[in-house]
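Asker: Below is the structure I would like to discuss, written out as structure tokens.
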Amino acid sequence: MTDTHPIPVTLLTGFLGAGKTTLLNRILQEPHGQRIAVIENEFGETGIDNELLFQAGEQIVEMNNGCICCTVRGDLLRILGDLAGRREAGEIRFDRVVIETTGLADPAPVAQTFFVEETIRDDYRLDAILTVVDAKHAPRQLDEHHEAQEQVGFADRILLSKTDLVDAAALAELEARLRAMNPRAPIQPVHFGQAPLRDILDIHGFDLDAILGIEPDFLNDLGHEHDDEVHAFVYRAERPFDAAKLLALMDLLISEFGVDLLRYKGILHIAGNPNKIVFQGVHGLLDESLGAPWREDEKRESVLVFIGRNLPREQIVATLKTCHAHG
Ligand SMILES: Nc1nc2c(ncn2[C@@H]2O[C@H](COP(=O)(O)OP(=O)(O)OP(=O)(O)O)[C@@H](O)[C@H]2O)c(=O)[nH]1
């Protein structure tokens, strides 16, 4: 197999006991012929999960003590750098990396590492954040723990475990709630970690030119029974944006609401620009680039998706409306 470059990285998150290790074991045991380096992160001194992990042939398990969101700049960088160096030197071979975060970790610092650290950006490509949600216990966890809500907000894909333990009505209610919190992320059931690998690896959740996986009418069926802190909204407009005004607004939004903006993504129709402009971010870190040209037969519509904690939606929408070009 030829070496992949940059190395794809999957970030696996989910609340305590959601089924992350079960899923990881399944990924490792699958006869896909790929070598996967696993970075395991646990609270405390003893990494029990390491014992539970099935270790096959050339797979590598790296341990990382302490909470990943606190030690990310140190341990994670060191481990990723070390792995890439040893791979380059031909000492070890692996095709991809999976990072399993502890059930209470905030995945943002891990994701941001791949945006900001030059050396890491050269060697690695963050493929997606996968969030395992426990169908049985999630309703209560979402009510009681903001970490559980945030993990849903960050997800590129939501993997629903333990659907065998709930009835269809409870499942439908949970799915509606998750969709309201994060309409970007498709929801996929995983029974004891079983899901097609194509639904888990190489999702390209962070690609700037990836389509915004939002159902056009999702806003119509948002449930409001739950007063979740984390929720999403979409802004669509056919009138072109004034680039300078929009940039100024994004700067303002980021400085004012950066901590509460979990994920945002947009495809923009900018006045005078024949190309789409695509951007996305995690908290305060924004990445933007020139997308493909608008096609002749295509509706030139900007679509922006914001997922965050208690975002002042009306205020943001009202300000966005002032950022369009005149005439
Ligand atoms: N009934 C049922 N149980 C499941 C399913 N998936 C996982 N489990 C069980 O849930 C428990 C927790 O699973 P783990 O994979 O250890 O969860 P985790 O997210 O790694 O847990 P932490 O590392 O503690 O955060 C185990 O007993 C699993 O066997 C499922 O689809 N259905």
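Just remember, in the structure tokens the first chain shown is A, the second B, etc., residues are 1-based per chain, and ligands are 1-based in the order shown.
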Enumerate, as a list in words, the complete set of residues in range 94-207 of chain A that a backbone-based DSSP assignment places in strand (DSSP E).
Answerer: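 Selecting the strand (DSSP E) positions of range 94-207 of chain A gives Arg96, Val97, Val98, Ile99, Glu100, Tyr124, Arg125, Leu126, Asp127, Ala128, Ile129, Leu130, Thr131, Val132, Val133, Asp134, Arg157, Ile158, Leu159, Leu160, Ser161, Ile187, Gln188 and Pro189 of chain A.
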Asker: Please give me, as a list in words, the residues lying within 6 Å of ligand 1 when counting only C-alpha atoms and all ligand atoms.
Answerer: Phe15, Leu16, Gly17, Ala18, Gly19, Lys20, Thr21, Thr22, Thr102, Gly103, Ser161, Lys162, Asp164, Leu165, Val190, His191, Phe192 and Gly193 of chain A
Asker: Since we have the selection now, will you write its residues out, keeping N, CA and C atoms, as an mmCIF file, in the first residue's frame?
Answerer:
```
data_model
loop_
_atom_site.group_PDB
_atom_site.id
_atom_site.type_symbol
_atom_site.label_atom_id
_atom_site.label_comp_id
_atom_site.auth_asym_id
_atom_site.auth_seq_id
_atom_site.Cartn_x
_atom_site.Cartn_y
_atom_site.Cartn_z
ATOM 1 N N PHE A 15 -19.760 10.875 25.075
ATOM 2 C CA PHE A 15 -19.814 10.963 26.532
ATOM 3 C C PHE A 15 -19.336 9.650 27.169
ATOM 4 N N LEU A 16 -19.087 9.716 28.479
ATOM 5 C CA LEU A 16 -18.620 8.537 29.219
ATOM 6 C C LEU A 16 -19.515 7.327 28.949
ATOM 7 N N GLY A 17 -18.887 6.244 28.587
ATOM 8 C CA GLY A 17 -19.633 4.999 28.391
ATOM 9 C C GLY A 17 -20.468 4.938 27.125
ATOM 10 N N ALA A 18 -20.288 5.881 26.230
ATOM 11 C CA ALA A 18 -21.139 5.937 25.030
ATOM 12 C C ALA A 18 -20.885 4.767 24.080
ATOM 13 N N GLY A 19 -19.679 4.248 24.095
ATOM 14 C CA GLY A 19 -19.372 3.142 23.188
ATOM 15 C C GLY A 19 -18.205 3.445 22.262
ATOM 16 N N LYS A 20 -17.344 4.364 22.683
ATOM 17 C CA LYS A 20 -16.193 4.747 21.847
ATOM 18 C C LYS A 20 -15.200 3.592 21.705
ATOM 19 N N THR A 21 -14.864 2.970 22.832
ATOM 20 C CA THR A 21 -13.881 1.885 22.788
ATOM 21 C C THR A 21 -14.438 0.704 22.000
ATOM 22 N N THR A 22 -15.722 0.440 22.165
ATOM 23 C CA THR A 22 -16.362 -0.654 21.418
ATOM 24 C C THR A 22 -16.224 -0.400 19.916
ATOM 25 N N THR A 102 -11.207 11.381 25.990
ATOM 26 C CA THR A 102 -11.950 10.924 27.170
ATOM 27 C C THR A 102 -13.381 11.436 27.063
ATOM 28 N N GLY A 103 -14.269 10.758 27.773
ATOM 29 C CA GLY A 103 -15.689 11.084 27.688
ATOM 30 C C GLY A 103 -16.029 12.496 28.111
ATOM 31 N N SER A 161 -25.217 4.708 19.439
ATOM 32 C CA SER A 161 -25.042 3.367 19.994
ATOM 33 C C SER A 161 -26.249 2.996 20.852
ATOM 34 N N LYS A 162 -26.349 1.750 21.200
ATOM 35 C CA LYS A 162 -27.359 1.227 22.144
ATOM 36 C C LYS A 162 -28.794 1.490 21.690
ATOM 37 N N ASP A 164 -30.504 -0.643 20.536
ATOM 38 C CA ASP A 164 -31.221 -1.872 20.919
ATOM 39 C C ASP A 164 -31.909 -1.728 22.279
ATOM 40 N N LEU A 165 -31.537 -0.706 23.039
ATOM 41 C CA LEU A 165 -32.085 -0.563 24.390
ATOM 42 C C LEU A 165 -33.259 0.421 24.471
ATOM 43 N N VAL A 190 -25.039 2.604 15.293
ATOM 44 C CA VAL A 190 -23.939 1.621 15.364
ATOM 45 C C VAL A 190 -24.277 0.634 16.474
ATOM 46 N N HIS A 191 -24.518 -0.600 16.102
ATOM 47 C CA HIS A 191 -24.859 -1.623 17.082
ATOM 48 C C HIS A 191 -23.568 -2.291 17.532
ATOM 49 N N PHE A 192 -23.217 -2.092 18.791
ATOM 50 C CA PHE A 192 -21.943 -2.588 19.311
ATOM 51 C C PHE A 192 -20.796 -2.277 18.345
ATOM 52 N N GLY A 193 -20.759 -1.035 17.919
ATOM 53 C CA GLY A 193 -19.638 -0.584 17.102
ATOM 54 C C GLY A 193 -19.702 -0.966 15.644
#
```
Asker: Residues within 8 Å of Glu150 in chain A, please, as a PDB file with C-alpha atoms, in the first residue's frame. Count only C-alpha atoms; anything in the same chain fewer than 3 positions from it doesn't count.
Answerer:
```
ATOM      1  CA  ASP A 106     -13.751  19.130  24.821  1.00  0.00           C
ATOM      2  CA  HIS A 146     -22.909  20.639  28.743  1.00  0.00           C
ATOM      3  CA  GLU A 147     -19.901  18.560  27.595  1.00  0.00           C
ATOM      4  CA  GLY A 153     -22.297  20.333  18.360  1.00  0.00           C
ATOM      5  CA  PHE A 154     -18.807  19.578  17.094  1.00  0.00           C
ATOM      6  CA  VAL A 230     -26.289  24.016  21.945  1.00  0.00           C
ATOM      7  CA  LEU A 262     -18.549  25.431  18.259  1.00  0.00           C
ATOM      8  CA  ARG A 309     -23.947  27.571  22.705  1.00  0.00           C
TER       9      ARG A 309
END
```
Asker: Please report the interatomic distance between CA of Ser289 in chain A and CA of Phe115 in chain A in Å with one decimal.
Answerer: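 These atoms are spaced 13.5 Å apart.
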Asker: Determine the nearest neighbour of Glu100 in chain A from the options A:Gln280, A:Thr131, A:Thr163, A:Thr322, counting only C-alpha atoms.
Answerer: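 Distance minimum relative to Glu100 in chain A lands on A:Thr131.
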Asker: Excluding Ala111 in chain A and its own-chain neighbours fewer than 2 positions away, which residues fall within 10 Å of it when counting only C-alpha atoms? Please give them as a PyMOL selection string.
Answerer: chain A and resi 9-11+72+106-109+113-116+126-129+154+206+281-282
Asker: Mind checking which residues fall within 10 Å of Ile27 in chain A, counting only C-alpha atoms, ignoring those fewer than 6 positions away in the same chain, and posting them as a list in words?
Answerer: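 Answer for this query is Thr21, Gln34, Ile36, Phe54, Val98, Gly193, Gln194, Ala195, Pro196, Leu197, Ile200 and Leu201 of chain A.
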Asker: Which residue, A:Leu28, A:Ile187, A:Ala318, A:Leu247, has the smallest gap to Val152 in chain A when you use only C-alpha atoms?
Answerer: A:Ile187
Asker: Env of Ala232 in chain A: 7 Å cut, atoms = only C-alpha atoms, seq-sep filter 3 positions within chain, self excluded. Answer as a PyMOL selection string.
Answerer: chain A and resi 180-183+306-308
Asker: Deliver the residues from the most recent selection as a file, using N, CA and C atoms, as a PDB file, in the first residue's frame.
Answerer:
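The resulting file, again_16.pdb, is reproduced below:
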```
ATOM      1  N   ALA A 180     -31.680  19.034  15.740  1.00  0.00           N
ATOM      2  CA  ALA A 180     -31.855  20.456  16.058  1.00  0.00           C
ATOM      3  C   ALA A 180     -30.546  21.049  16.585  1.00  0.00           C
ATOM      4  N   MET A 181     -29.796  20.241  17.321  1.00  0.00           N
ATOM      5  CA  MET A 181     -28.530  20.731  17.855  1.00  0.00           C
ATOM      6  C   MET A 181     -27.472  20.810  16.770  1.00  0.00           C
ATOM      7  N   ASN A 182     -27.470  19.857  15.873  1.00  0.00           N
ATOM      8  CA  ASN A 182     -26.437  19.823  14.842  1.00  0.00           C
ATOM      9  C   ASN A 182     -26.977  19.244  13.537  1.00  0.00           C
ATOM     10  N   PRO A 183     -27.556  20.087  12.711  1.00  0.00           N
ATOM     11  CA  PRO A 183     -28.143  19.588  11.461  1.00  0.00           C
ATOM     12  C   PRO A 183     -27.105  19.198  10.418  1.00  0.00           C
ATOM     13  N   PHE A 306     -24.291  27.952  11.573  1.00  0.00           N
ATOM     14  CA  PHE A 306     -23.637  28.229  12.857  1.00  0.00           C
ATOM     15  C   PHE A 306     -24.137  27.215  13.876  1.00  0.00           C
ATOM     16  N   ILE A 307     -23.208  26.589  14.579  1.00  0.00           N
ATOM     17  CA  ILE A 307     -23.585  25.687  15.666  1.00  0.00           C
ATOM     18  C   ILE A 307     -22.897  26.202  16.917  1.00  0.00           C
ATOM     19  N   GLY A 308     -23.653  26.480  17.936  1.00  0.00           N
ATOM     20  CA  GLY A 308     -23.001  27.052  19.119  1.00  0.00           C
ATOM     21  C   GLY A 308     -23.854  26.989  20.356  1.00  0.00           C
TER      22      GLY A 308
END
```
Asker: Pick out each residue of range 75-115 of chain A that DSSP on the backbone tags as alpha helix (DSSP H); I need them as a PyMOL selection string.
Answerer: chain A and resi 77-88+108-115
Asker: For Val234 in chain A, which residue among A:Thr119, A:Ser302, A:Gln149, A:Thr13 is the nearest when counting only C-alpha atoms?
Answerer: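 Checking each candidate against Val234 in chain A, we get A:Ser302 as the closest.
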Asker: Which of these, A:Ile203, A:Pro312, A:Arg236, A:Arg177, has the shortest distance to Phe257 in chain A once you count only C-alpha atoms?
Answerer: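 The shortest atom-to-atom distance to Phe257 in chain A comes from A:Pro312.
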Asker: Which residue gives the smallest distance to Leu142 in chain A among A:Gly266, A:Val259, A:Asp251, A:Leu178, with only C-alpha atoms counted?
Answerer: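 Of A:Gly266, A:Val259, A:Asp251, A:Leu178, the one nearest Leu142 in chain A, counting only C-alpha atoms, is A:Leu178.
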